[in-house]
Every structure is written in structure tokens, then in C-alpha cells.
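Raw contents of query.cif, mmCIF, C-alpha atoms:
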data_run
#
loop_
_atom_site.label_atom_id
_atom_site.label_comp_id
_atom_site.auth_asym_id
_atom_site.auth_seq_id
_atom_site.Cartn_x
_atom_site.Cartn_y
_atom_site.Cartn_z
CA MET A 12 46.02 -4.30 6.67
CA LYS A 13 46.57 -7.98 5.93
CA ASP A 14 46.92 -8.72 9.63
CA LEU A 15 43.74 -6.82 10.38
CA TYR A 16 41.85 -8.50 7.55
CA ALA A 17 43.13 -11.87 8.77
CA ARG A 18 41.54 -11.19 12.17
CA LEU A 19 38.30 -10.44 10.30
CA GLY A 20 38.54 -13.77 8.47
CA VAL A 21 40.07 -12.84 5.11
CA SER A 22 43.19 -14.72 3.98
CA ALA A 23 46.26 -13.03 2.51
CA GLU A 24 45.59 -14.77 -0.81
CA VAL A 25 42.10 -13.28 -1.10
CA CYS A 26 43.45 -9.85 -0.13
CA ASP A 27 46.16 -9.99 -2.77
CA CYS A 28 43.70 -11.09 -5.42
CA GLY A 29 41.38 -8.25 -4.51
CA GLU A 30 44.15 -5.66 -4.63
CA GLY A 31 45.15 -6.85 -8.08
CA ILE A 32 41.60 -6.41 -9.32
CA LEU A 33 41.31 -2.95 -7.73
CA LYS A 34 44.30 -1.69 -9.72
CA THR A 35 42.26 -2.18 -12.90
CA LEU A 36 39.30 -0.17 -11.59
CA GLU A 37 40.83 3.25 -10.96
CA ASP A 38 39.13 4.89 -13.95
CA ARG A 39 35.74 3.40 -13.06
CA PHE A 40 36.04 4.66 -9.50
CA ARG A 41 36.95 8.16 -10.71
CA GLN A 42 33.80 8.16 -12.84
CA ALA A 43 31.71 7.17 -9.81
CA ASP A 44 33.29 9.99 -7.78
CA ALA A 45 32.44 12.52 -10.51
CA VAL A 46 28.78 11.47 -10.48
CA ALA A 47 28.70 11.70 -6.69
CA GLU A 48 30.18 15.21 -6.78
CA TYR A 49 27.52 16.36 -9.24
CA ASN A 50 24.68 14.84 -7.25
CA GLN A 51 26.03 16.23 -3.98
CA ALA A 52 25.94 19.72 -5.49
CA LYS A 53 22.39 19.09 -6.78
CA VAL A 54 21.10 18.11 -3.34
CA LEU A 55 22.93 20.98 -1.66
CA ALA A 56 21.44 23.47 -4.14
CA ALA A 57 17.92 22.18 -3.39
CA MET A 58 18.48 22.50 0.35
CA GLN A 59 19.85 26.03 0.05
CA LYS A 60 17.08 27.12 -2.32
CA ASN A 61 14.47 25.99 0.21
CA ARG A 62 16.27 27.66 3.13
CA VAL A 63 16.66 24.56 5.28
CA GLY A 64 17.22 25.75 8.83
CA ALA A 65 17.28 24.37 12.35
CA SER A 66 13.53 25.04 12.63
CA CYS A 67 13.00 22.34 9.98
CA PHE A 68 14.15 19.66 12.42
CA ALA A 69 11.43 20.19 15.04
CA ALA A 70 9.39 17.11 15.97
CA THR A 71 5.64 16.94 15.51
CA THR A 72 3.09 14.48 16.85
CA GLY A 73 -0.58 13.70 16.43
CA TYR A 74 -2.08 15.14 13.25
CA GLY A 75 1.13 16.92 12.31
CA TYR A 76 -0.64 20.08 11.16
CA ASP A 77 1.61 22.94 10.05
CA ASP A 78 4.71 20.73 9.98
CA VAL A 79 7.14 23.22 8.42
CA GLY A 80 10.09 20.82 8.26
CA ARG A 81 8.07 18.01 6.69
CA ASP A 82 6.61 20.28 4.01
CA ASN A 83 10.00 21.81 3.26
CA LEU A 84 11.64 18.39 2.92
CA GLU A 85 9.08 17.56 0.25
CA ARG A 86 10.02 20.72 -1.62
CA VAL A 87 13.69 19.69 -1.39
CA TYR A 88 12.88 16.30 -2.92
CA ALA A 89 10.76 17.90 -5.65
CA ASP A 90 13.55 20.30 -6.58
CA THR A 91 16.19 17.57 -6.54
CA PHE A 92 14.10 15.30 -8.79
CA HIS A 93 12.84 18.25 -10.86
CA THR A 94 9.16 17.49 -10.28
CA GLU A 95 6.10 19.56 -9.43
CA ALA A 96 5.50 17.89 -6.07
CA ALA A 97 6.71 15.22 -3.68
CA LEU A 98 5.34 13.08 -0.86
CA VAL A 99 8.07 12.04 1.62
CA ARG A 100 6.72 10.34 4.73
CA PRO A 101 7.72 8.00 7.55
CA GLN A 102 4.19 6.57 7.27
CA ILE A 103 5.33 4.87 4.04
CA THR A 104 6.87 1.68 5.38
CA CYS A 105 8.87 0.39 2.41
CA GLY A 106 9.33 0.54 -1.36
CA THR A 107 6.49 -1.91 -2.00
CA HIS A 108 4.20 0.24 0.14
CA ALA A 109 5.18 3.39 -1.77
CA LEU A 110 4.48 1.66 -5.08
CA THR A 111 1.16 0.33 -3.79
CA VAL A 112 0.09 3.81 -2.70
CA ALA A 113 1.00 5.27 -6.11
CA LEU A 114 -0.77 2.49 -8.04
CA SER A 115 -3.93 2.33 -5.96
CA ALA A 116 -4.24 6.13 -5.91
CA ASN A 117 -4.07 6.51 -9.68
CA LEU A 118 -5.87 3.40 -10.94
CA LEU A 119 -9.66 3.10 -10.77
CA PRO A 120 -12.00 0.15 -11.37
CA GLY A 121 -12.01 -0.63 -15.09
CA ASP A 122 -8.50 0.73 -15.65
CA GLU A 123 -5.65 -1.47 -16.82
CA LEU A 124 -2.09 -1.51 -15.51
CA LEU A 125 0.69 -2.26 -18.00
CA SER A 126 4.19 -3.49 -17.28
CA PRO A 127 6.17 -2.97 -20.50
CA VAL A 128 9.30 -4.48 -18.91
CA GLY A 129 8.14 -8.00 -18.13
CA SER A 130 7.26 -9.44 -14.75
CA PRO A 131 7.26 -7.10 -11.76
CA TYR A 132 9.24 -7.60 -8.57
CA ASP A 133 8.01 -10.52 -6.47
CA THR A 134 6.30 -8.48 -3.74
CA LEU A 135 4.18 -6.61 -6.33
CA GLU A 136 2.61 -9.82 -7.61
CA GLU A 137 0.09 -9.90 -4.76
CA VAL A 138 -0.38 -6.13 -4.94
CA ILE A 139 -1.38 -6.40 -8.59
CA GLY A 140 -3.23 -9.69 -8.22
CA ILE A 141 -0.97 -11.88 -10.35
CA ARG A 142 -0.89 -14.08 -7.27
CA PRO A 143 -4.23 -14.06 -5.43
CA GLY A 144 -4.27 -11.86 -2.36
CA ALA A 145 -6.65 -9.75 -0.32
CA CYS A 146 -6.99 -6.09 -1.31
CA SER A 147 -5.13 -6.53 -4.59
CA LEU A 148 -5.70 -4.17 -7.52
CA ARG A 149 -7.38 -7.04 -9.32
CA GLU A 150 -9.86 -7.43 -6.47
CA TYR A 151 -10.81 -3.78 -6.94
CA GLY A 152 -11.41 -4.16 -10.67
CA VAL A 153 -8.03 -3.14 -12.12
CA SER A 154 -6.81 -5.48 -14.85
CA TYR A 155 -3.18 -6.17 -15.70
CA ARG A 156 -1.20 -6.77 -18.85
CA GLN A 157 2.52 -7.11 -19.48
CA ALA A 158 4.89 -7.08 -22.43
CA ASP A 159 7.87 -9.32 -21.83
CA LEU A 160 11.38 -8.22 -22.61
CA LYS A 161 13.27 -9.74 -25.52
CA PRO A 162 15.83 -12.46 -24.67
CA ASP A 163 18.63 -9.88 -24.70
CA GLY A 164 16.80 -7.72 -22.15
CA SER A 165 15.71 -5.05 -24.62
CA PHE A 166 12.20 -3.65 -24.92
CA ASP A 167 9.81 -5.47 -27.25
CA TYR A 168 8.20 -2.43 -28.83
CA ASP A 169 5.87 -4.51 -31.01
CA ALA A 170 4.54 -6.35 -27.96
CA ILE A 171 4.13 -3.06 -26.09
CA ARG A 172 2.22 -1.54 -28.99
CA ALA A 173 -0.08 -4.55 -29.04
CA ALA A 174 -0.63 -4.37 -25.27
CA VAL A 175 -1.67 -0.70 -25.07
CA ASN A 176 -5.43 -0.27 -25.44
CA GLU A 177 -8.27 2.06 -24.48
CA LYS A 178 -8.22 0.77 -20.88
CA THR A 179 -4.48 1.27 -20.34
CA LYS A 180 -4.18 3.95 -17.66
CA LEU A 181 -0.72 3.53 -16.12
CA ALA A 182 2.56 1.92 -17.14
CA THR A 183 4.87 0.76 -14.35
CA ILE A 184 8.56 0.64 -15.25
CA GLN A 185 10.88 -1.16 -12.86
CA ARG A 186 14.31 0.39 -13.27
CA SER A 187 16.32 -2.19 -11.36
CA LYS A 188 16.50 -5.90 -12.08
CA GLY A 189 14.73 -7.14 -8.94
CA TYR A 190 15.14 -10.89 -8.63
CA ALA A 191 15.80 -11.34 -12.34
CA THR A 192 19.13 -11.52 -14.12
CA ARG A 193 18.17 -8.94 -16.71
CA PRO A 194 19.87 -5.60 -17.32
CA THR A 195 19.00 -2.59 -15.20
CA PHE A 196 17.64 0.17 -17.41
CA SER A 197 19.58 3.37 -17.82
CA VAL A 198 17.71 6.64 -17.41
CA ALA A 199 18.23 7.27 -21.13
CA ARG A 200 16.59 3.95 -22.06
CA ILE A 201 13.71 4.65 -19.68
CA GLY A 202 13.26 7.99 -21.42
CA GLU A 203 13.06 6.25 -24.80
CA LEU A 204 10.44 3.84 -23.46
CA ILE A 205 8.37 6.66 -21.96
CA ALA A 206 8.49 8.60 -25.23
CA PHE A 207 7.27 5.50 -27.08
CA LEU A 208 4.43 4.92 -24.62
CA LYS A 209 3.37 8.57 -24.84
CA SER A 210 3.39 8.35 -28.65
CA LEU A 211 0.90 5.48 -28.41
CA LYS A 212 -1.27 7.10 -25.76
CA PRO A 213 -0.37 10.67 -24.74
CA ASP A 214 -2.36 10.57 -21.48
CA ILE A 215 -0.82 7.34 -20.16
CA ILE A 216 0.74 7.75 -16.70
CA CYS A 217 4.34 6.52 -16.65
CA MET A 218 5.53 5.51 -13.19
CA VAL A 219 9.11 4.42 -12.50
CA ASP A 220 10.09 2.19 -9.61
CA ASN A 221 13.34 4.02 -8.89
CA CYS A 222 14.52 1.76 -6.04
CA TYR A 223 18.31 1.25 -5.99
CA GLY A 224 18.80 3.74 -8.83
CA GLU A 225 18.77 7.14 -7.13
CA PHE A 226 22.01 9.12 -7.54
CA VAL A 227 23.75 6.41 -9.60
CA GLU A 228 23.52 8.72 -12.62
CA THR A 229 23.43 12.52 -12.84
CA VAL A 230 19.82 12.41 -14.06
CA GLU A 231 16.72 10.67 -12.73
CA PRO A 232 13.71 9.20 -14.60
CA SER A 233 11.72 12.33 -13.77
CA ASP A 234 14.17 14.24 -16.00
CA VAL A 235 13.16 12.14 -19.03
CA GLY A 236 9.39 12.21 -18.84
CA ALA A 237 8.34 10.01 -15.91
CA ASP A 238 5.09 11.25 -14.37
CA LEU A 239 5.88 9.55 -11.05
CA VAL A 240 9.12 8.26 -9.52
CA VAL A 241 8.86 6.12 -6.42
CA GLY A 242 11.35 4.74 -3.91
CA SER A 243 12.27 3.79 -0.36
CA LEU A 244 14.20 5.84 2.17
CA ILE A 245 15.95 2.76 3.57
CA LYS A 246 17.57 2.41 0.18
CA ASN A 247 19.61 5.05 -1.66
CA PRO A 248 17.98 8.40 -0.76
CA GLY A 249 17.96 7.78 2.99
CA GLY A 250 21.74 7.70 3.02
CA GLY A 251 21.75 4.99 5.68
CA LEU A 252 20.29 7.35 8.30
CA ALA A 253 16.56 7.32 7.57
CA PRO A 254 15.07 4.58 9.78
CA ILE A 255 11.88 4.21 7.70
CA GLY A 256 9.99 5.98 4.96
CA GLY A 257 9.36 6.30 1.27
CA TYR A 258 8.95 8.97 -1.37
CA ILE A 259 6.75 9.66 -4.39
CA CYS A 260 7.77 12.53 -6.67
CA GLY A 261 5.98 13.67 -9.79
CA LYS A 262 3.14 15.69 -11.21
CA LYS A 263 1.19 17.62 -8.60
CA ALA A 264 -2.22 16.12 -9.34
CA LEU A 265 -0.88 12.55 -9.22
CA VAL A 266 1.09 13.12 -6.02
CA GLU A 267 -1.94 14.72 -4.42
CA ARG A 268 -3.96 11.58 -5.11
CA CYS A 269 -1.16 9.53 -3.52
CA ALA A 270 -1.40 11.70 -0.40
CA TYR A 271 -5.16 11.11 -0.24
CA ARG A 272 -4.63 7.37 -0.54
CA LEU A 273 -1.89 7.36 2.12
CA SER A 274 -3.97 9.30 4.67
CA ALA A 275 -7.60 9.92 3.70
CA PRO A 276 -9.58 11.83 1.05
CA GLY A 277 -9.75 15.46 2.04
CA LEU A 278 -6.79 15.21 4.41
CA GLY A 279 -3.90 14.34 2.09
CA GLN A 280 -0.57 15.98 2.85
CA GLU A 281 -1.95 18.16 5.63
CA VAL A 282 -1.67 15.32 8.16
CA GLY A 283 1.18 13.03 9.12
CA ALA A 284 3.48 13.83 12.03
CA ASN A 285 7.22 13.51 11.51
CA LEU A 286 7.75 11.97 15.00
CA GLY A 287 11.19 13.52 15.34
CA LEU A 288 12.64 11.79 12.26
CA LEU A 289 13.34 14.87 10.16
CA PRO A 290 17.03 15.33 11.12
CA SER A 291 17.81 11.83 9.86
CA PHE A 292 15.72 12.39 6.72
CA TYR A 293 17.47 15.65 5.85
CA GLN A 294 20.97 14.52 6.77
CA GLY A 295 20.52 11.13 5.11
CA PHE A 296 19.40 12.78 1.88
CA PHE A 297 22.40 15.12 2.06
CA LEU A 298 24.78 12.17 2.50
CA ALA A 299 23.04 9.94 -0.05
CA PRO A 300 25.16 10.80 -3.12
CA THR A 301 28.37 9.88 -1.29
CA VAL A 302 26.91 6.75 0.32
CA VAL A 303 25.55 5.60 -3.05
CA CYS A 304 28.98 6.16 -4.57
CA GLY A 305 30.56 3.80 -2.02
CA ALA A 306 27.91 1.16 -2.71
CA LEU A 307 28.43 1.59 -6.43
CA LYS A 308 32.17 0.98 -6.08
CA GLY A 309 31.39 -2.17 -4.12
CA ALA A 310 29.13 -3.42 -6.91
CA ILE A 311 31.79 -2.74 -9.54
CA PHE A 312 34.40 -4.55 -7.44
CA ALA A 313 32.05 -7.52 -6.91
CA ALA A 314 31.31 -7.78 -10.63
CA ASN A 315 34.97 -7.85 -11.56
CA PHE A 316 36.05 -10.22 -8.78
CA TYR A 317 33.34 -12.82 -9.43
CA GLU A 318 33.69 -12.52 -13.19
CA ARG A 319 37.40 -13.34 -12.87
CA MET A 320 36.43 -16.46 -10.92
CA GLY A 321 34.24 -17.63 -13.80
CA PHE A 322 30.77 -16.76 -12.56
CA ARG A 323 28.20 -14.99 -14.72
CA VAL A 324 27.55 -11.53 -13.34
CA VAL A 325 24.87 -8.98 -14.28
CA PRO A 326 25.95 -6.38 -15.16
CA ASP A 327 29.36 -7.62 -16.22
CA GLY A 328 32.61 -6.12 -15.03
CA SER A 329 32.90 -3.52 -17.79
CA GLU A 330 29.30 -2.40 -18.32
CA SER A 331 28.03 1.02 -17.31
CA ARG A 332 26.10 1.06 -14.01
CA HIS A 333 22.51 2.19 -13.51
CA ASP A 334 21.80 0.86 -10.01
CA ILE A 335 23.74 -0.43 -7.00
CA ILE A 336 22.71 -4.09 -7.33
CA GLN A 337 25.15 -6.74 -8.49
CA ALA A 338 23.73 -10.11 -9.48
CA VAL A 339 26.04 -13.13 -9.33
CA GLU A 340 24.84 -16.48 -10.68
CA LEU A 341 26.36 -18.99 -8.26
CA GLY A 342 24.72 -22.15 -9.60
CA SER A 343 23.69 -23.81 -6.34
CA ARG A 344 21.84 -23.34 -3.06
CA GLU A 345 25.06 -24.13 -1.17
CA ALA A 346 26.99 -21.40 -2.94
CA MET A 347 24.24 -18.84 -2.24
CA ILE A 348 24.36 -19.72 1.46
CA ALA A 349 28.18 -19.46 1.55
CA PHE A 350 28.14 -16.07 -0.19
CA CYS A 351 25.53 -14.71 2.21
CA LYS A 352 27.48 -16.04 5.20
CA GLY A 353 30.42 -13.96 4.05
CA ILE A 354 28.32 -10.79 3.81
CA GLN A 355 26.81 -11.47 7.24
CA ALA A 356 30.24 -12.08 8.76
CA ALA A 357 31.33 -8.64 7.54
CA ALA A 358 28.42 -6.88 9.27
CA PRO A 359 28.76 -4.53 12.25
CA VAL A 360 25.47 -5.90 13.61
CA ASP A 361 24.66 -9.62 14.01
CA SER A 362 27.95 -10.69 12.43
CA PHE A 363 27.71 -13.90 14.47
CA ALA A 364 24.45 -14.98 12.81
CA ASP A 365 24.21 -17.58 10.02
CA PRO A 366 21.75 -16.59 7.28
CA LEU A 367 19.48 -19.41 6.10
CA PRO A 368 16.73 -19.61 3.47
CA TRP A 369 13.21 -19.08 4.83
CA ASP A 370 9.63 -18.40 3.78
CA MET A 371 9.36 -14.62 3.66
CA PRO A 372 6.01 -12.81 3.42
CA GLY A 373 5.30 -11.68 -0.13
CA TYR A 374 7.61 -14.18 -1.86
CA GLU A 375 6.68 -17.42 -3.59
CA ASP A 376 10.12 -19.06 -3.17
CA GLN A 377 12.27 -19.32 -0.08
CA VAL A 378 14.60 -16.33 0.20
CA ILE A 379 17.99 -16.02 1.86
CA MET A 380 19.05 -12.65 3.20
CA ALA A 381 22.27 -11.42 4.73
CA ALA A 382 21.81 -8.05 6.40
CA GLY A 383 23.62 -7.13 9.57
CA ALA A 384 22.22 -3.62 9.46
CA PHE A 385 21.71 -0.79 11.92
CA ILE A 386 18.27 -0.33 10.34
CA GLN A 387 16.30 -3.52 9.80
CA GLY A 388 15.99 -4.33 6.10
CA SER A 389 18.09 -1.39 4.98
CA SER A 390 19.57 -2.37 1.64
CA ILE A 391 21.75 0.71 1.28
CA GLU A 392 23.67 -0.97 4.09
CA LEU A 393 25.82 -3.98 3.18
CA SER A 394 23.45 -6.79 2.25
CA ALA A 395 22.84 -9.69 -0.09
CA ASP A 396 19.76 -11.74 -0.83
CA GLY A 397 18.06 -13.89 -3.40
CA PRO A 398 15.32 -16.46 -3.98
CA ILE A 399 16.35 -20.12 -3.79
CA ARG A 400 15.62 -21.02 -7.40
CA PRO A 401 17.65 -21.48 -10.61
CA PRO A 402 19.99 -19.95 -11.68
CA TYR A 403 20.70 -19.53 -7.93
CA ALA A 404 21.65 -15.90 -8.27
CA VAL A 405 22.52 -13.77 -5.27
CA TYR A 406 21.94 -10.02 -5.36
CA PHE A 407 24.58 -7.96 -3.59
CA GLN A 408 24.10 -4.29 -2.75
CA GLY A 409 24.93 -1.54 -0.33
CA GLY A 410 27.70 -0.61 2.02
CA LEU A 411 27.58 2.69 3.91
CA THR A 412 31.25 3.09 3.00
CA TRP A 413 33.27 1.69 0.13
CA TYR A 414 35.65 0.03 2.57
CA HIS A 415 32.84 -1.91 4.18
CA ALA A 416 31.53 -3.02 0.79
CA LYS A 417 35.04 -4.17 -0.09
CA LEU A 418 35.34 -6.24 3.09
CA GLY A 419 31.97 -7.84 2.42
CA ILE A 420 33.03 -8.98 -1.04
CA LEU A 421 36.37 -10.32 0.22
CA LEU A 422 34.61 -12.32 2.94
CA SER A 423 32.01 -13.67 0.52
CA VAL A 424 34.83 -14.98 -1.67
CA GLN A 425 36.55 -16.43 1.40
CA LYS A 426 33.45 -18.34 2.48
CA LEU A 427 33.05 -19.85 -0.99
CA LEU A 428 36.70 -20.89 -0.95
CA ASP A 429 36.42 -22.40 2.53
CA ALA A 430 33.40 -24.44 1.38
CA GLY A 431 35.34 -25.73 -1.63
CA LEU A 432 32.87 -24.15 -4.04
CA THR A 433 35.27 -21.99 -6.07
CA LYS A 434 38.93 -21.20 -6.72
CA LEU A 435 40.75 -17.91 -6.94
CA PRO A 436 41.61 -16.79 -10.48
CA GLU A 437 45.15 -17.26 -11.62
CA ALA A 438 47.31 -14.16 -11.52
#

Whole structure, C-alpha cells version:
Amino acid sequence: MKDLYARLGVSAEVCDCGEGILKTLEDRFRQADAVAEYNQAKVLAAMQKNRVGASCFAATTGYGYDDVGRDNLERVYADTFHTEAALVRPQITCGTHALTVALSANLLPGDELLSPVGSPYDTLEEVIGIRPGACSLREYGVSYRQADLKPDGSFDYDAIRAAVNEKTKLATIQRSKGYATRPTFSVARIGELIAFLKSLKPDIICMVDNCYGEFVETVEPSDVGADLVVGSLIKNPGGGLAPIGGYICGKKALVERCAYRLSAPGLGQEVGANLGLLPSFYQGFFLAPTVVCGALKGAIFAANFYERMGFRVVPDGSESRHDIIQAVELGSREAMIAFCKGIQAAAPVDSFADPLPWDMPGYEDQVIMAAGAFIQGSSIELSADGPIRPPYAVYFQGGLTWYHAKLGILLSVQKLLDAGLTKLPEA
């Protein structure tokens, strides 16, 4: 293996250091395997209950009327997430699009949107209207209010209580950290927050941005009171096979409004051809618990390796995991570039490319991204990214297999060493 890794660019010293760290992680990896086994059984049960058969894989075009496979896939998602309904469509282009559909469908002029978990992810700022942009919720008369987290990353219940008012219609809860070095929220903590919000205003809609969190635990936010859970198929639930798409699961009336917003009032879920993508949607969802498990192991390995080298990592090497993202505070632009070069060099696609910071649509700061993926932008595949701003944190995630995630981390360490930006920990 050392000879093979050497040909891939990893020195024997980095390999040995990594193996030493892995010996301390056997219990953590067994826990991840147990979660994956449970979630695999959950997905399988939903597929069997809904009698998935070869007829479900037939392609449809045009309007997509009477698309049996599409409709059945949505029942599979609803049963897996324990919700009344689901909308799972290739016409949803990304996670931000899915969130935009859910927000714009369920907020009307005069309503107020609340974020009880601080600032939203960068790409939602223009959607909401925090940063001016055409067709924002603000432009359509929806106001916005947020309650910031406490310095330790916990919920500020007093601030949330003060923020909820007669106009508050929907609370958006971002499960994962986004481009912030704050804790990811466990499903249990999300449940506590939802219960608190409902105690203040029983009819408030609680929507959870579930991106990067699916199948990391044995329960989902919809199991603890979320009215809507939203995510992207080129993240966890697509299992690395879905080439596009997003999902919205939740209460039937709310999901129905989302379908009207995605297509048109009166048409809703009746239209939307699957364009031959259903085999990858079904098979990707079936594989997702195992793929997520591999990515989770990679995140745990990354946390422990970089923590041993003296970098601040979020979560730290011993904390419980609630998403697949690992934040590493590298302290400089140069270190972020070196890290991302390592991830890119480990890719099966475009491994020869050098990632550089650039002005990405939807982001205020320059962003660097390493993603040599089979599916463009797929962050369940091995990837790393981050905005070029203090504390110069890079966000690592993905890996269709644990072994690929491992190689990516080893090469990221190697690139930092080669650039003279770090040292290996002492044995």
C-alpha cells in the first residue's frame, strides 16, 4: 500500500501517521457502521412497502402525466422520512433551489421569516433579501428576522422569544454549519428548538435545511416535529448516483404548495417528466446510507488528523457527528489553497487541475472549491471548499467510499507539508 500511495503522491511518513490515528478510531467507525445498517434497513423497508418494481424505472418525457415511478419514489421518500408527502424532482436544481421553492411557496406578502439559528447559508442571503437581489422574498413583501446563536453555539431562547411575533409565519433551521465554524445541530437539539417555537406559536411552520445531515443519525428532523425537511440529491440522499435533483418532505398541504410553486398553480405534482433518471434516483437512495457512512468516517479521520497537527477543527475529534462536513481552521489563504490542492489531486476526475479562489455566483467572498467529481458540484463526492475570509476555514466533505475519503485527507496533509505550512504530529 505504501508503494501505491507513494505513486499517488503520499509519503510513507504521512501514511504511517494516518495509520496510527486510525487505530484510535475503531470504536467510532463501528458506531458509524451501526447507524448505516439501521438506515439501510429503513430505506429497504420503504422500498419494499411501496412495491418498487422494474416498471418504476420507465422514462417519461413532456408533461410526465401518470409517471408511476416518479410518484412511487415520492412515497418511498415520505415513508423513509416519516412524513405525509414528498416532492422529489430532477427539476429542482440544487439545495438552494429546493429551499427557495419551500420558502416562496409557504410565505406570502406580509409574512415574516425567522432564522432562530443565526445567519443563513451564503446563497440564501439573496433569496431572503439580506443582500439585495431580484426576485428575493423581501421584494415580494416578506420580512426577515433572526436570533443569533450564543457564543458557544447554543440557541438563545430569550432572543428567539423576543423575535417571534404576530407576523412570524415560518422558521428556517439550518442543520449543518454552512460556512460558519459553529456546531452542527443534532436531531435531538433541533427537536427541542421546534418544541420551543411551537410553544410560542403553535401554527408556526418549522422548516429544516437537512443538507449534509441525511442518514448520519438513525432519526431525521421530520421525526422530531419538523413540518418540512429539505435537501439536495447531489448530496447525501442521492448516494453519488443522482445527477441532479432535490427533495422536500413534510406535511401534505405544505408540500402541495411547494409543488404548485415548482410547476404552476393547478398543475403541481401532476407534471414533471423524469427524463430517464429514476434508476439513478432509486439506486442512489438505496446506496445512500452506506455512502454517507464512508463520508462520515472520512470526516472523523480528518478531524482527528488535523487536530493532532494543532489546527482547530469543528467538530473536534471526539464529538458526536450530526453531518458529514468537517471544518478545519487553517489560518491563511495559502493553507486553504494547499489543502484544496490535495483534495483535487485525490480526485478520479480533473485530478490534474489546480483549484484557485474565484468569484462564485451567490457568494459575497471569493470561494475556493476542490471537486473532481463525476457529477458537477456533487458534495457527497470527495470535495472541499470555503470562502477566503478569516478564520480561513476549509470545509471538507464526501467520498463515495471511505478509502477515497482517506486518500483525500492524506493528500491534503501532504500538500500542506510540501508547502511548509505544517508539521506532522510527534508519535

Item to complete: Given the file shown, determine the residues that the PyMOL selection byres ((chain A and resi 108-114) around 7) selects; report them as a VMD selection string.
Response: chain A and resid 103 to 107 115 to 118 138 241 to 242 257 to 259 269 272 to 273

Practice prompt. Output the residue selection produced by the PyMOL selection byres ((chain A and resi 32) around 12) on the file above, formatted as JSON, numbers by chain.
Written response: {"A": [25, 26, 27, 28, 29, 30, 31, 33, 34, 35, 36, 37, 311, 312, 313, 314, 315, 316, 317, 318, 319, 320, 328, 417, 421, 435, 436, 437, 438]}

Worksheet item: Where does the PyMOL selection byres ((chain A and resi 145-159) around 6) land in this file, that is, which residues does it pick, as a list in words?
Response: Pro120, Gly121, Asp122, Glu123, Leu124, Leu125, Ser126, Pro127, Val128, Gly129, Val138, Ile139, Gly140, Gly144, Leu160, Ala170 and Ile171 of chain A

Using the file's own x, y and z axes, what box holds all listed atoms of segment 406-423 of chain A with 6 Å on each side, keeping edges along x, y and z, and what are its centre and edge lengths in Å to one decimal, as lines of an AutoDock Vina configuration file?
center_x = 29.2
center_y = -5.3
center_z = -0.6
size_x = 26.4
size_y = 28.8
size_z = 21.5

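Minimum atom-to-atom distance to Val282 of chain A, evaluated using only C-alpha atoms, belongs to A:Asp78 out of A:Glu85, A:Asp78, A:Glu330, A:Asp370.
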
Practice prompt. May I have the residues within 7 Å of segment 406-408 of chain A as a list in words, using all atoms listed in the file and disregarding those fewer than 3 positions away in the same chain?
Written response: Ala306, Ala310, Ile335, Ile336, Gln337, Ala338, Val339, Ser390, Ile391, Leu393, Ser394, Ala395, Asp396 and Gly397 of chain A

Worksheet item: Within 6 Å of Val21 of chain A, counting all atoms listed in the file, which residues qualify if same-chain residues fewer than 4 places away don't, as a PyMOL selection string?
Response: chain A and resi 16-17+422

Output as a compact mmCIF listing (two decimals), keeping the file's coordinate frame: segment 225-242 of chain A, completed with N, CA and C atoms.
# COMPACT_ATOMS: atom_id res chain seq x y z
N GLU A 225 18.57 5.72 -7.44
CA GLU A 225 18.77 7.14 -7.13
C GLU A 225 20.26 7.47 -6.99
N PHE A 226 20.67 8.54 -7.64
CA PHE A 226 22.01 9.12 -7.54
C PHE A 226 23.11 8.24 -8.15
N VAL A 227 22.74 7.21 -8.89
CA VAL A 227 23.75 6.41 -9.60
C VAL A 227 24.16 7.13 -10.88
N GLU A 228 23.23 7.88 -11.47
CA GLU A 228 23.52 8.72 -12.62
C GLU A 228 23.31 10.18 -12.22
N THR A 229 23.63 11.09 -13.13
CA THR A 229 23.43 12.52 -12.84
C THR A 229 22.02 12.97 -13.15
N VAL A 230 21.23 12.11 -13.78
CA VAL A 230 19.82 12.41 -14.06
C VAL A 230 18.96 11.30 -13.48
N GLU A 231 17.68 11.62 -13.26
CA GLU A 231 16.72 10.67 -12.73
C GLU A 231 15.59 10.48 -13.76
N PRO A 232 14.79 9.43 -13.63
CA PRO A 232 13.71 9.20 -14.60
C PRO A 232 12.75 10.38 -14.75
N SER A 233 12.59 11.16 -13.69
CA SER A 233 11.72 12.33 -13.77
C SER A 233 12.28 13.39 -14.71
N ASP A 234 13.57 13.31 -15.04
CA ASP A 234 14.17 14.24 -16.00
C ASP A 234 13.89 13.83 -17.45
N VAL A 235 13.37 12.63 -17.66
CA VAL A 235 13.16 12.14 -19.03
C VAL A 235 11.71 11.77 -19.28
N GLY A 236 10.80 12.37 -18.53
CA GLY A 236 9.39 12.21 -18.84
C GLY A 236 8.55 11.39 -17.90
N ALA A 237 9.14 10.79 -16.85
CA ALA A 237 8.34 10.01 -15.91
C ALA A 237 7.36 10.92 -15.17
N ASP A 238 6.12 10.48 -15.09
CA ASP A 238 5.09 11.25 -14.37
C ASP A 238 5.19 11.05 -12.87
N LEU A 239 5.67 9.87 -12.46
CA LEU A 239 5.88 9.55 -11.05
C LEU A 239 7.18 8.77 -10.91
N VAL A 240 7.98 9.09 -9.90
CA VAL A 240 9.12 8.26 -9.52
C VAL A 240 8.94 7.91 -8.05
N VAL A 241 9.22 6.66 -7.73
CA VAL A 241 8.86 6.12 -6.42
C VAL A 241 10.04 5.36 -5.84
N GLY A 242 10.26 5.48 -4.53
CA GLY A 242 11.35 4.74 -3.91
C GLY A 242 11.24 4.67 -2.40
